[in-house]
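Notes to accompany the following structure.
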Amino acid sequence: MKQKLSLFMAVLLCLGMLWGGGTFAEAAQTPLTSLTFDAEYYYNTYPDLQAAFGYDTSRLYRHYLDSGLAEGRSGSAEFNCLVYRNNYPDLQASFGDDYRAYCVHYETYGKAEGRSAAGDGMSLAGTTATAPASTLLGSYATAYSVNSSRATNIAVAASRINGVVVQPGESFSFSRTILPRTAANGYVEAPTIVNKKYVPGTGGGICQVSSTLYAAMITAGLPATERHPHSLKVAYIPEGMDATISGTALDLRFTNTFAEPIVIQASADQGTLTVSLSKQ
């Protein structure tokens, strides 16, 4: 009975916003307040974002909306979207996976109602209300220019490793997984490092994906069984966290040392490359 009443109240809430000062959809387009996104908190809490964006509040805010909410990152000390979603079935029924709608609800009604939104949502990332929770082991984000030719190769390589499941004791090869760097496989010409010089080559940019994966492995405590640094310093990641790939000669490899399967999640969106490792 209590759950039905909560669902009924959520429906009334949405209708009230339709009849009152603007629709809920319109409210969802307004910038979030510090209740659900505090740029300083977000910056200080996630070192991978510090490395990727520095203290650029607009880019941190964009990352939060595009990726952070769904990844289970907390936007402020008191608000985590996935915790809020999972705590209240009535809100799940109303908003589903519209993560920004939960932020707007908390700012407009939830806090005043005494609803709780604090906690660690990282272990809930990538789940739904009916799916079993996974545990985030490590995640890292780097920035790239969407207007460069290498952006195509970054997106292709990220899509190839996204969703890959590595079973306990199984080995993963980055080079094999992303397929040979040929035009037939979707790769284009972009600058690559050869003998400490930048030269044109098909697949330039894939090393940013392998390096971002390696950085995620470091945060997850997952050692590489093969990894090679670049011959030149690269700008997109701190020194010592890069991993170069060259044909079939140089690869990034690891073995799943955990008792559970590991899932790789990778996305390249609007200049942000994010790679995460989770236990199923």
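Letters A, B, ... mark the chains of the structure tokens in the order given; residue numbers begin at 1 per chain; ligand numbers begin at 1, in order shown.
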
- Message: Could you list, as an MDAnalysis selection string, every residue within 10 Å of Leu273 of chain A, counting only C-alpha atoms and ignoring same-chain residues fewer than 5 positions away?
- Response: chainID A and resid 52 67 140:144 151 154:155 158 208:209 212:213 266:268

Requested write-out: N, CA and C atoms of the selected residues, as a tab-separated table (two decimals), in the first residue's frame:
chain	number	residue	atom	x	y	z
A	52	ALA	N	42.32	14.43	-16.66
A	52	ALA	CA	41.74	14.60	-17.99
A	52	ALA	C	41.34	16.05	-18.27
A	67	SER	N	28.41	11.18	-18.62
A	67	SER	CA	28.96	9.89	-18.19
A	67	SER	C	28.87	9.63	-16.70
A	140	TYR	N	39.01	5.34	-15.69
A	140	TYR	CA	39.88	6.47	-16.02
A	140	TYR	C	39.32	7.17	-17.25
A	141	ALA	N	39.50	8.49	-17.31
A	141	ALA	CA	39.00	9.28	-18.43
A	141	ALA	C	40.10	10.16	-18.98
A	142	THR	N	40.17	10.30	-20.30
A	142	THR	CA	41.11	11.21	-20.95
A	142	THR	C	40.35	12.04	-21.98
A	143	ALA	N	40.95	13.15	-22.37
A	143	ALA	CA	40.30	14.06	-23.31
A	143	ALA	C	40.96	14.00	-24.69
A	144	TYR	N	40.18	14.21	-25.73
A	144	TYR	CA	40.70	14.25	-27.10
A	144	TYR	C	39.91	15.28	-27.90
A	151	ALA	N	40.20	11.06	-33.76
A	151	ALA	CA	38.96	10.86	-33.01
A	151	ALA	C	38.20	9.65	-33.56
A	154	ILE	N	39.88	6.52	-32.21
A	154	ILE	CA	39.58	6.37	-30.79
A	154	ILE	C	38.19	5.76	-30.61
A	155	ALA	N	37.22	6.28	-31.35
A	155	ALA	CA	35.85	5.78	-31.24
A	155	ALA	C	35.75	4.32	-31.68
A	158	ALA	N	37.52	2.07	-29.05
A	158	ALA	CA	36.72	2.02	-27.81
A	158	ALA	C	35.51	1.11	-27.99
A	208	GLN	N	45.71	5.98	-27.35
A	208	GLN	CA	45.02	6.69	-26.27
A	208	GLN	C	44.02	5.77	-25.60
A	209	VAL	N	43.41	4.89	-26.39
A	209	VAL	CA	42.45	3.93	-25.82
A	209	VAL	C	43.19	2.90	-24.98
A	212	THR	N	44.37	4.63	-21.78
A	212	THR	CA	43.27	4.88	-20.84
A	212	THR	C	42.85	3.58	-20.18
A	213	LEU	N	42.85	2.48	-20.94
A	213	LEU	CA	42.57	1.17	-20.35
A	213	LEU	C	43.63	0.82	-19.32
A	266	ALA	N	33.78	0.94	-22.33
A	266	ALA	CA	34.51	2.05	-22.93
A	266	ALA	C	33.57	2.91	-23.75
A	267	SER	N	33.73	4.23	-23.64
A	267	SER	CA	32.91	5.14	-24.42
A	267	SER	C	33.74	6.33	-24.85
A	268	ALA	N	33.52	6.79	-26.08
A	268	ALA	CA	34.17	7.99	-26.60
A	268	ALA	C	33.06	8.93	-27.03

- Task: Name all residues at most 8 Å from Gly247 of chain A (count only C-alpha atoms; drop same-chain ones fewer than 3 positions away) and give them as number ranges by chain.
- Result: A: 175, 180-181, 250

Export, as an mmCIF file, in the first residue's frame, the selected residues with N, CA and C atoms.
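Ended up saving to part_5.cif:
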data_model
loop_
_atom_site.group_PDB
_atom_site.id
_atom_site.type_symbol
_atom_site.label_atom_id
_atom_site.label_comp_id
_atom_site.auth_asym_id
_atom_site.auth_seq_id
_atom_site.Cartn_x
_atom_site.Cartn_y
_atom_site.Cartn_z
ATOM 1 N N SER A 175 45.466 -5.521 -28.710
ATOM 2 C CA SER A 175 45.708 -5.485 -30.152
ATOM 3 C C SER A 175 44.807 -6.454 -30.900
ATOM 4 N N PRO A 180 43.025 -5.726 -36.714
ATOM 5 C CA PRO A 180 44.098 -5.023 -37.438
ATOM 6 C C PRO A 180 43.679 -3.621 -37.842
ATOM 7 N N ARG A 181 44.623 -2.688 -37.782
ATOM 8 C CA ARG A 181 44.326 -1.291 -38.082
ATOM 9 C C ARG A 181 44.369 -1.069 -39.591
ATOM 10 N N LEU A 250 53.965 -4.956 -30.368
ATOM 11 C CA LEU A 250 53.767 -4.352 -29.047
ATOM 12 C C LEU A 250 52.288 -4.373 -28.701
#

- Task: Determine which residues of segment 39-276 of chain A DSSP labels as strand (DSSP E) from the backbone of this structure, then write them out as a PyMOL selection string.
- Result: chain A and resi 135-143+165-166+171-173+189-194+197-202+224-226+253-255+262-269+272-276

- Residues of segment 90-274 of chain A in alpha helix (DSSP H) according to DSSP, as a ChimeraX atom specification? /A:90-95,99-105,111-113,150-161,174-177,206-220

Please produce an output containing C-alpha atoms for each residue in the selection, written as an mmCIF file, in the first residue's frame.
data_model
loop_
_atom_site.group_PDB
_atom_site.id
_atom_site.type_symbol
_atom_site.label_atom_id
_atom_site.label_comp_id
_atom_site.auth_asym_id
_atom_site.auth_seq_id
_atom_site.Cartn_x
_atom_site.Cartn_y
_atom_site.Cartn_z
ATOM 1 C CA ASP A 90 8.407 5.147 -7.116
ATOM 2 C CA LEU A 91 11.069 7.290 -8.774
ATOM 3 C CA GLN A 92 12.306 4.334 -10.823
ATOM 4 C CA ALA A 93 8.759 3.840 -12.103
ATOM 5 C CA SER A 94 8.499 7.513 -13.065
ATOM 6 C CA PHE A 95 11.959 8.214 -14.485
ATOM 7 C CA TYR A 99 19.389 10.165 -14.754
ATOM 8 C CA ARG A 100 19.074 13.928 -14.988
ATOM 9 C CA ALA A 101 15.412 13.687 -13.982
ATOM 10 C CA TYR A 102 16.490 12.244 -10.619
ATOM 11 C CA CYS A 103 18.723 15.272 -10.075
ATOM 12 C CA VAL A 104 15.897 17.681 -10.840
ATOM 13 C CA HIS A 105 13.512 15.746 -8.590
ATOM 14 C CA LYS A 111 15.609 16.954 -0.316
ATOM 15 C CA ALA A 112 12.623 18.760 1.188
ATOM 16 C CA GLU A 113 10.837 15.407 1.528
ATOM 17 C CA ARG A 150 42.397 10.379 -34.620
ATOM 18 C CA ALA A 151 38.961 10.856 -33.013
ATOM 19 C CA THR A 152 37.582 8.288 -35.485
ATOM 20 C CA ASN A 153 40.175 5.706 -34.484
ATOM 21 C CA ILE A 154 39.577 6.365 -30.787
ATOM 22 C CA ALA A 155 35.850 5.776 -31.235
ATOM 23 C CA VAL A 156 36.388 2.589 -33.281
ATOM 24 C CA ALA A 157 38.891 1.083 -30.816
ATOM 25 C CA ALA A 158 36.720 2.018 -27.813
ATOM 26 C CA SER A 159 33.693 0.337 -29.409
ATOM 27 C CA ARG A 160 35.726 -2.843 -29.982
ATOM 28 C CA ILE A 161 36.691 -3.269 -26.325
ATOM 29 C CA PHE A 174 44.137 -5.216 -26.696
ATOM 30 C CA SER A 175 45.708 -5.485 -30.152
ATOM 31 C CA ARG A 176 43.808 -8.640 -31.043
ATOM 32 C CA THR A 177 40.505 -7.306 -29.693
ATOM 33 C CA ILE A 206 44.367 3.876 -30.759
ATOM 34 C CA CYS A 207 47.142 4.184 -28.171
ATOM 35 C CA GLN A 208 45.022 6.691 -26.274
ATOM 36 C CA VAL A 209 42.455 3.932 -25.823
ATOM 37 C CA SER A 210 45.058 1.377 -24.722
ATOM 38 C CA SER A 211 46.632 3.960 -22.384
ATOM 39 C CA THR A 212 43.274 4.881 -20.844
ATOM 40 C CA LEU A 213 42.566 1.173 -20.347
ATOM 41 C CA TYR A 214 45.976 0.750 -18.718
ATOM 42 C CA ALA A 215 45.270 3.657 -16.369
ATOM 43 C CA ALA A 216 41.963 1.999 -15.427
ATOM 44 C CA MET A 217 43.887 -1.226 -14.780
ATOM 45 C CA ILE A 218 46.210 0.665 -12.445
ATOM 46 C CA THR A 219 43.278 2.077 -10.458
ATOM 47 C CA ALA A 220 41.769 -1.432 -10.352
#

- Straight-line distance linking atom CA of Tyr106 of chain A with atom CA of Ser34 of chain A, stated in Å to one decimal: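 We find that atom CA of Tyr106 of chain A and atom CA of Ser34 of chain A lie 11.5 Å from each other.
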
- Computed interatomic separation between atom CA of Gly221 of chain A and atom CA of Gly163 of chain A (Å):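 So the two atoms, atom CA of Gly221 of chain A and atom CA of Gly163 of chain A, lie 19.9 Å apart.
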
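Interatomic distance, atom CA of Lys233 of chain A to atom CA of Thr255 of chain A: 26.8 Å.
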
- Note on the structure: Closest of A:Asp48, A:Asp66, A:Glu78, A:Glu107 to Gly138 of chain A, counting only C-alpha atoms, is A:Asp48

- Between A:Asn256, A:Ser134, A:Gln265, A:Thr202, which one has atoms that come closest to Gln167 of chain A, using only C-alpha atoms? A:Asn256

- Out of A:Gly203, A:Pro191, A:Pro31, A:Gly72, which residue has the shortest atom-to-atom distance to Thr135 of chain A when counting only C-alpha atoms?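 The closest residue to Thr135 of chain A is A:Gly72.
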
- Selected residue, from A:Val165, A:Ala51, A:Leu252, A:Ser276, that lies nearest to Gly68 of chain A when counting only C-alpha atoms: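 Selected residue with least distance to Gly68 of chain A: A:Ser276.
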
- Message: Quick one: residues within 7 Å of segment 35-46 of chain A, only C-alpha atoms, excluding same-chain residues fewer than 2 positions away - as JSON, numbers by chain?
- Response: {"A": [32, 33, 48, 49, 50, 55, 57, 60, 61, 75, 76, 79, 103, 107]}

- Which polymer residues have any atom within 8 Å of an atom of Leu232 of chain A, counting only C-alpha atoms, with same-chain residues fewer than 5 positions away left out, as an NGL selection string? :A and (193 or 196-197)

Okay, now the selection with C-alpha atoms, as a PDB file, in the first residue's frame?
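Saved as result-v9.pdb:
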ATOM      1  CA  ILE A 193      54.730   7.778 -33.354  1.00  0.00           C
ATOM      2  CA  LYS A 196      60.387   9.062 -31.928  1.00  0.00           C
ATOM      3  CA  LYS A 197      58.702  11.012 -34.725  1.00  0.00           C
TER       4      LYS A 197
END

- Item | Residue nearest His230 of chain A - candidates A:Ala70, A:Leu277, A:Val194, A:Ile262, atoms counted: only C-alpha atoms |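 Checking each of A:Ala70, A:Leu277, A:Val194, A:Ile262 against His230 of chain A, counting only C-alpha atoms, the winner is A:Val194.
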
- From A:Asp56, A:Glu226, A:Glu260, A:Glu71, residue lying nearest Ser139 of chain A [only C-alpha atoms]: A:Glu71
